[in-house]
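Trainee: Input file: structure_25.txt. Contents: compact mmCIF, C-alpha atoms.
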# COMPACT_ATOMS: atom_id res chain seq x y z
CA ALA A 156 124.92 130.28 137.04
CA GLN A 157 128.31 131.32 138.30
CA SER A 158 128.85 133.54 141.32
CA VAL A 159 131.71 134.61 143.52
CA THR A 160 131.28 135.52 147.18
CA GLN A 161 133.73 137.43 149.27
CA LEU A 162 132.13 137.40 152.69
CA ASP A 163 134.35 140.03 154.25
CA SER A 164 134.00 143.51 152.81
CA GLN A 165 136.71 144.86 155.11
CA VAL A 166 139.52 143.17 157.02
CA PRO A 167 141.58 145.20 159.49
CA VAL A 168 144.86 143.67 160.58
CA PHE A 169 148.03 144.80 162.28
CA GLU A 170 151.34 144.86 160.46
CA GLU A 171 153.27 141.56 160.54
CA ALA A 172 150.13 139.61 161.48
CA PRO A 173 148.83 136.80 159.24
CA VAL A 174 145.73 137.37 157.14
CA GLU A 175 143.21 135.26 155.25
CA LEU A 176 140.77 136.71 152.74
CA ARG A 177 137.92 134.36 151.98
CA CYS A 178 136.46 133.54 148.61
CA ASN A 179 133.75 131.04 147.75
CA TYR A 180 132.32 130.38 144.33
CA SER A 181 129.50 128.47 142.80
CA SER A 182 129.73 126.95 139.38
CA SER A 183 128.38 123.95 137.59
CA VAL A 184 131.36 123.79 135.26
CA SER A 185 135.13 123.68 135.60
CA VAL A 186 136.61 127.01 136.54
CA TYR A 187 139.86 128.86 136.65
CA LEU A 188 140.42 130.94 139.77
CA PHE A 189 142.24 134.23 140.25
CA TRP A 190 143.05 136.79 142.89
CA TYR A 191 143.66 140.40 141.92
CA VAL A 192 144.72 143.42 143.96
CA GLN A 193 143.66 146.99 143.27
CA TYR A 194 145.44 149.99 144.72
CA PRO A 195 143.62 153.36 144.78
CA ASN A 196 143.09 154.84 141.32
CA GLN A 197 144.77 151.87 139.68
CA GLY A 198 143.73 148.92 137.59
CA LEU A 199 143.80 145.35 138.83
CA GLN A 200 147.06 143.47 139.27
CA LEU A 201 147.14 139.69 139.11
CA LEU A 202 148.33 138.17 142.38
CA LEU A 203 147.98 134.50 141.52
CA LYS A 204 145.90 132.01 139.58
CA TYR A 205 144.79 128.41 139.79
CA LEU A 206 144.40 126.62 136.49
CA SER A 207 145.07 122.98 137.44
CA GLY A 208 147.53 120.82 139.34
CA SER A 209 148.67 121.58 142.87
CA THR A 210 145.90 123.11 144.94
CA LEU A 211 148.31 125.42 146.75
CA VAL A 212 149.23 128.32 144.54
CA LYS A 213 151.93 130.83 145.31
CA GLY A 214 151.76 134.34 143.94
CA ILE A 215 153.55 137.63 144.08
CA ASN A 216 154.27 139.68 147.19
CA GLY A 217 154.26 136.61 149.44
CA PHE A 218 150.61 135.74 148.89
CA GLU A 219 149.31 132.21 148.41
CA ALA A 220 145.93 130.62 147.96
CA GLU A 221 144.51 127.16 148.32
CA PHE A 222 141.91 125.70 146.02
CA ASN A 223 139.42 123.48 147.82
CA LYS A 224 137.12 121.84 145.34
CA SER A 225 134.83 120.18 147.90
CA GLN A 226 134.23 123.47 149.66
CA THR A 227 134.35 125.49 146.44
CA SER A 228 136.71 127.92 148.09
CA PHE A 229 139.86 129.74 147.06
CA HIS A 230 141.04 131.63 150.14
CA LEU A 231 143.98 134.02 149.94
CA ARG A 232 146.59 134.03 152.69
CA LYS A 233 149.71 135.86 153.71
CA PRO A 234 151.71 134.89 156.80
CA SER A 235 152.91 138.42 157.59
CA VAL A 236 151.37 141.55 156.08
CA HIS A 237 152.99 144.92 155.44
CA ILE A 238 151.53 148.40 155.38
CA SER A 239 152.00 148.35 151.62
CA ASP A 240 149.50 145.47 151.35
CA THR A 241 146.68 147.89 152.14
CA ALA A 242 144.47 147.65 149.07
CA GLU A 243 141.31 146.04 147.79
CA TYR A 244 141.47 142.38 146.81
CA PHE A 245 139.20 140.71 144.29
CA CYS A 246 138.59 137.04 143.78
CA ALA A 247 137.60 136.08 140.24
CA VAL A 248 136.34 133.00 138.48
CA ARG A 249 136.68 132.29 134.80
CA ALA A 250 133.92 130.01 133.57
CA ARG A 251 132.36 129.55 130.17
CA ASN A 252 134.73 132.19 128.77
CA LYS A 253 133.51 134.90 131.13
CA PHE A 254 135.02 136.49 134.19
CA TYR A 255 132.98 136.80 137.37
CA PHE A 256 134.34 138.96 140.15
CA GLY A 257 133.59 139.01 143.84
CA SER A 258 132.58 142.27 145.48
CA GLY A 259 136.06 142.81 146.87
CA THR A 260 137.68 142.83 150.32
CA LYS A 261 139.41 145.93 151.57
CA LEU A 262 142.49 144.98 153.52
CA ASN A 263 143.56 147.68 155.97
CA VAL A 264 146.95 147.05 157.50
CA LYS A 265 147.57 149.09 160.65
CA PRO A 266 150.98 149.91 162.14
CA LYS B 148 157.46 145.72 128.06
CA ALA B 149 154.67 148.29 128.12
CA GLY B 150 151.51 147.43 129.99
CA VAL B 151 147.91 147.92 128.99
CA THR B 152 147.32 151.55 128.11
CA GLN B 153 143.93 153.17 128.46
CA THR B 154 143.12 156.64 127.23
CA PRO B 155 141.96 159.04 128.37
CA ARG B 156 142.40 158.59 132.13
CA TYR B 157 139.52 160.92 132.96
CA LEU B 158 136.43 162.03 131.07
CA ILE B 159 133.57 164.32 131.97
CA LYS B 160 130.49 164.15 129.76
CA THR B 161 126.93 165.36 129.80
CA ARG B 162 123.88 163.12 129.83
CA GLY B 163 122.84 162.23 126.29
CA GLN B 164 126.32 162.55 124.82
CA GLN B 165 128.40 159.66 123.54
CA VAL B 166 131.92 158.67 124.48
CA THR B 167 134.70 156.50 123.07
CA LEU B 168 137.35 154.91 125.25
CA SER B 169 140.56 153.41 123.93
CA CYS B 170 142.64 150.45 125.04
CA SER B 171 146.04 149.36 123.75
CA PRO B 172 146.89 145.84 124.92
CA ILE B 173 150.30 144.47 125.76
CA SER B 174 152.25 143.74 122.61
CA GLY B 175 151.40 140.26 121.39
CA HIS B 176 148.18 139.96 123.36
CA ARG B 177 145.21 139.15 121.17
CA SER B 178 142.39 139.14 123.69
CA VAL B 179 140.93 142.36 125.08
CA SER B 180 138.08 142.57 127.53
CA TRP B 181 136.22 145.47 129.11
CA TYR B 182 134.76 145.88 132.59
CA GLN B 183 132.70 148.49 134.38
CA GLN B 184 133.50 149.13 138.03
CA THR B 185 131.09 151.04 140.27
CA PRO B 186 130.78 151.20 144.06
CA GLY B 187 127.29 149.73 143.92
CA GLN B 188 127.64 146.98 141.33
CA GLY B 189 131.34 146.16 141.66
CA LEU B 190 133.19 144.80 138.66
CA GLN B 191 130.98 143.75 135.79
CA PHE B 192 132.05 142.19 132.54
CA LEU B 193 131.10 144.15 129.43
CA PHE B 194 132.53 142.22 126.49
CA GLU B 195 135.59 140.47 125.18
CA TYR B 196 137.26 140.58 121.79
CA PHE B 197 139.68 138.18 120.20
CA SER B 198 141.09 138.54 116.70
CA GLU B 199 138.70 141.42 115.94
CA THR B 200 135.64 139.37 116.84
CA GLN B 201 133.42 139.79 119.87
CA ARG B 202 133.56 136.44 121.65
CA ASN B 203 131.60 137.14 124.82
CA LYS B 204 129.19 139.75 126.02
CA GLY B 205 127.90 140.70 129.45
CA ASN B 206 124.44 141.93 130.36
CA PHE B 207 124.65 145.54 129.28
CA PRO B 208 122.26 147.45 127.01
CA GLY B 209 123.03 148.01 123.36
CA ARG B 210 124.24 151.54 124.12
CA PHE B 211 127.49 149.86 125.08
CA SER B 212 129.47 148.64 122.10
CA GLY B 213 133.03 147.91 121.20
CA ARG B 214 135.38 146.81 118.51
CA GLN B 215 138.87 145.52 118.05
CA PHE B 216 141.27 146.45 115.31
CA SER B 217 143.75 144.31 113.45
CA ASN B 218 146.56 145.48 115.76
CA SER B 219 144.49 144.25 118.75
CA ARG B 220 143.77 147.76 119.98
CA SER B 221 140.21 148.10 121.16
CA GLU B 222 137.68 150.85 121.57
CA MET B 223 134.54 150.95 123.64
CA ASN B 224 131.67 153.29 122.83
CA VAL B 225 128.80 154.35 125.03
CA SER B 226 126.00 156.26 123.35
CA THR B 227 123.25 158.34 124.94
CA LEU B 228 125.05 158.56 128.25
CA GLU B 229 123.07 158.23 131.45
CA LEU B 230 124.05 159.33 134.93
CA GLY B 231 124.39 155.70 135.94
CA ASP B 232 127.14 155.20 133.39
CA SER B 233 129.54 157.06 135.64
CA ALA B 234 132.17 154.48 136.50
CA LEU B 235 135.73 153.33 136.17
CA TYR B 236 136.05 151.42 132.91
CA LEU B 237 138.81 148.87 132.90
CA CYS B 238 140.36 147.13 129.97
CA ALA B 239 142.34 143.90 130.25
CA SER B 240 144.42 141.97 127.78
CA SER B 241 145.63 138.41 127.54
CA LEU B 242 147.60 136.26 125.14
CA GLU B 243 144.65 134.04 124.40
CA LEU B 244 141.08 133.55 125.54
CA ASP B 245 140.15 131.72 128.67
CA LYS B 246 142.66 130.47 131.17
CA TYR B 247 145.53 132.90 131.05
CA GLY B 248 145.62 135.68 133.60
CA TYR B 249 144.54 139.04 132.35
CA THR B 250 146.60 142.21 132.70
CA PHE B 251 144.54 145.26 133.48
CA GLY B 252 145.05 148.87 132.53
CA SER B 253 144.64 151.72 135.00
CA GLY B 254 141.20 152.50 133.68
CA THR B 255 139.26 155.47 132.40
CA ARG B 256 137.21 157.34 134.98
CA LEU B 257 134.00 158.50 133.29
CA THR B 258 131.81 161.06 135.02
CA VAL B 259 128.42 161.84 133.53
Take the structure in this file and express it as structure tokens.

Mentor:
Amino acid sequence: AQSVTQLDSQVPVFEEAPVELRCNYSSSVSVYLFWYVQYPNQGLQLLLKYLSGSTLVKGINGFEAEFNKSQTSFHLRKPSVHISDTAEYFCAVRARNKFYFGSGTKLNVKP
Amino acid sequence: KAGVTQTPRYLIKTRGQQVTLSCSPISGHRSVSWYQQTPGQGLQFLFEYFSETQRNKGNFPGRFSGRQFSNSRSEMNVSTLELGDSALYLCASSLELDKYGYTFGSGTRLTV
């Protein structure tokens, strides 16, 4: 069975500091990996995706993620966050034609 | 290019009623999938349609159903509403099934 774990439900960070949001998955088959961001009362916006190739994936808004197959992780990073990055972030795995989402991490950027 | 459009944005229904939600995908997208988002259960996959055929289904009771039309627009129906059906229902579209990223709509907030 597939599952996605986001260990941190909330991450507080000061503006301009670096941040890492963790995501681990379990799957017995090949997967595609995604990170989405959700602002209040909005749908999900795709930040980045890993399909194949280079394990370091760059996305929108300065975010990047690294796929680590041995650790089954796909952590999201940003070297310097802005107030506008305050939102909820979801890691997702596509396996066997279904999407599995993590429980989300609320990023709270403080001035 | 217009995004994924979901209507209505908000719905208030009474237990036992039925409801139909609509989703218009991005032009050219042929895959539409539906998700239920609640504070307790998070995001859960409902079903996915491609070329008017249901391709995948999540673990929801038969009260939840959907369909896709020839223009790729999709509807989701929930019959005999229960209080626990209160949620944000999100629709997402993609060019094809599987590996492409999905574009989500803003959702329909259903309150039962």

Trainee: Restricting the calculation to only C-alpha atoms, which member of A:Gly217, A:Leu162, A:Lys265, A:Val248 is positioned closest to chain B?

Mentor: A:Val248

Trainee: Against chain A, which residues of chain B fall within 6 Å? For each one I want the closest pair of atoms and the distance in Å (one decimal), counting all atoms listed in the file, rows by chain and increasing residue number, as JSON lines.

Mentor:
{"residue": "B:Gly189", "atom": "CA", "partner": "A:Ser258", "partner_atom": "CA", "distance": 5.6}
{"residue": "B:Asp245", "atom": "CA", "partner": "A:Asn252", "partner_atom": "CA", "distance": 5.4}
{"residue": "B:Phe251", "atom": "CA", "partner": "A:Leu199", "partner_atom": "CA", "distance": 5.4}
{"residue": "B:Gly252", "atom": "CA", "partner": "A:Gly198", "partner_atom": "CA", "distance": 5.2}
{"residue": "B:Ser253", "atom": "CA", "partner": "A:Gly198", "partner_atom": "CA", "distance": 3.9}
{"residue": "B:Gly254", "atom": "CA", "partner": "A:Gly198", "partner_atom": "CA", "distance": 5.9}

Trainee: Excluding same-chain residues fewer than 4 positions from range 169-180 of chain B, what lies within 6 Å of it counting only C-alpha atoms, as a PyMOL selection string?

Mentor: chain B and resi 150-154+194-197+219-222+238-243

Trainee: Could you please determine the separation between CA of Ser183 in chain A and CA of Phe229 in chain A in Å, to one decimal place?

Mentor: 16.0 Å

Trainee: Measuring between only C-alpha atoms, which one of A:Tyr180, A:Thr210, A:Pro173, A:Ile215 shows the shortest distance to Ser158 in chain A?

Mentor: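 Nearest candidate to Ser158 in chain A out of A:Tyr180, A:Thr210, A:Pro173, A:Ile215: A:Tyr180.
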
Trainee: Could you list, as a ChimeraX atom specification, every residue within 9 Å of Arg210 in chain B, counting all atoms listed in the file and ignoring same-chain residues fewer than 3 positions away?

Mentor: /B:207,224-228

Trainee: Tell me, as a PyMOL selection string, which residues lie within 8 Å of Leu257 in chain B, counting only C-alpha atoms; anything in the same chain fewer than 5 positions away does not count.

Mentor: chain B and resi 157-160+232-236

Trainee: Which polymer residues, protein or nucleic acid, are no farther than 8 Å from (141.4, 143.7, 157.6), counting all atoms listed in the file, as JSON, numbers by chain?

Mentor: {"A": [165, 166, 167, 168, 174, 261, 262, 263, 264]}

Trainee: Within 6 Å of Glu219 in chain A, counting all atoms listed in the file, which residues qualify if same-chain residues fewer than 5 places away don't, as a ChimeraX atom specification?

Mentor: /A:212-214,231-232

Trainee: To one decimal place in Å, what is the distance between CA of Gln161 in chain A and CA of Thr260 in chain A?

Mentor: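 It comes out at 6.8 Å.
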
Trainee: Smallest atom-to-atom distance to Gln165 in chain B: which of B:Glu199, B:Val259, B:Phe216, B:Gly205, using all atoms listed in the file?

Mentor: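 Closest to Gln165 in chain B of all the choices is B:Val259.
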
Trainee: From the list A:Gln226, A:Asn216, A:Asn179, A:Ser164, which residue is nearest Cys246 in chain A when using all atoms listed in the file?

Mentor: A:Asn179

Trainee: What does the structure give for the distance between CA of Ser212 in chain B and CA of Gln157 in chain A, in Å to one decimal?

Mentor: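 Spanning CA of Ser212 in chain B to CA of Gln157 in chain A is a straight-line distance of 23.7 Å.
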
Trainee: Measuring between all atoms listed in the file, which one of A:Ser235, A:Pro266, A:Val159, A:Glu243 shows the shortest distance to Glu171 in chain A?

Mentor: A:Ser235

Trainee: Under the rule that all atoms listed in the file are counted, which of A:Leu211, A:Asn223, A:His230, A:Asp240 is the nearest residue to Glu175 in chain A?

Mentor: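 Nearest to Glu175 in chain A: A:His230.
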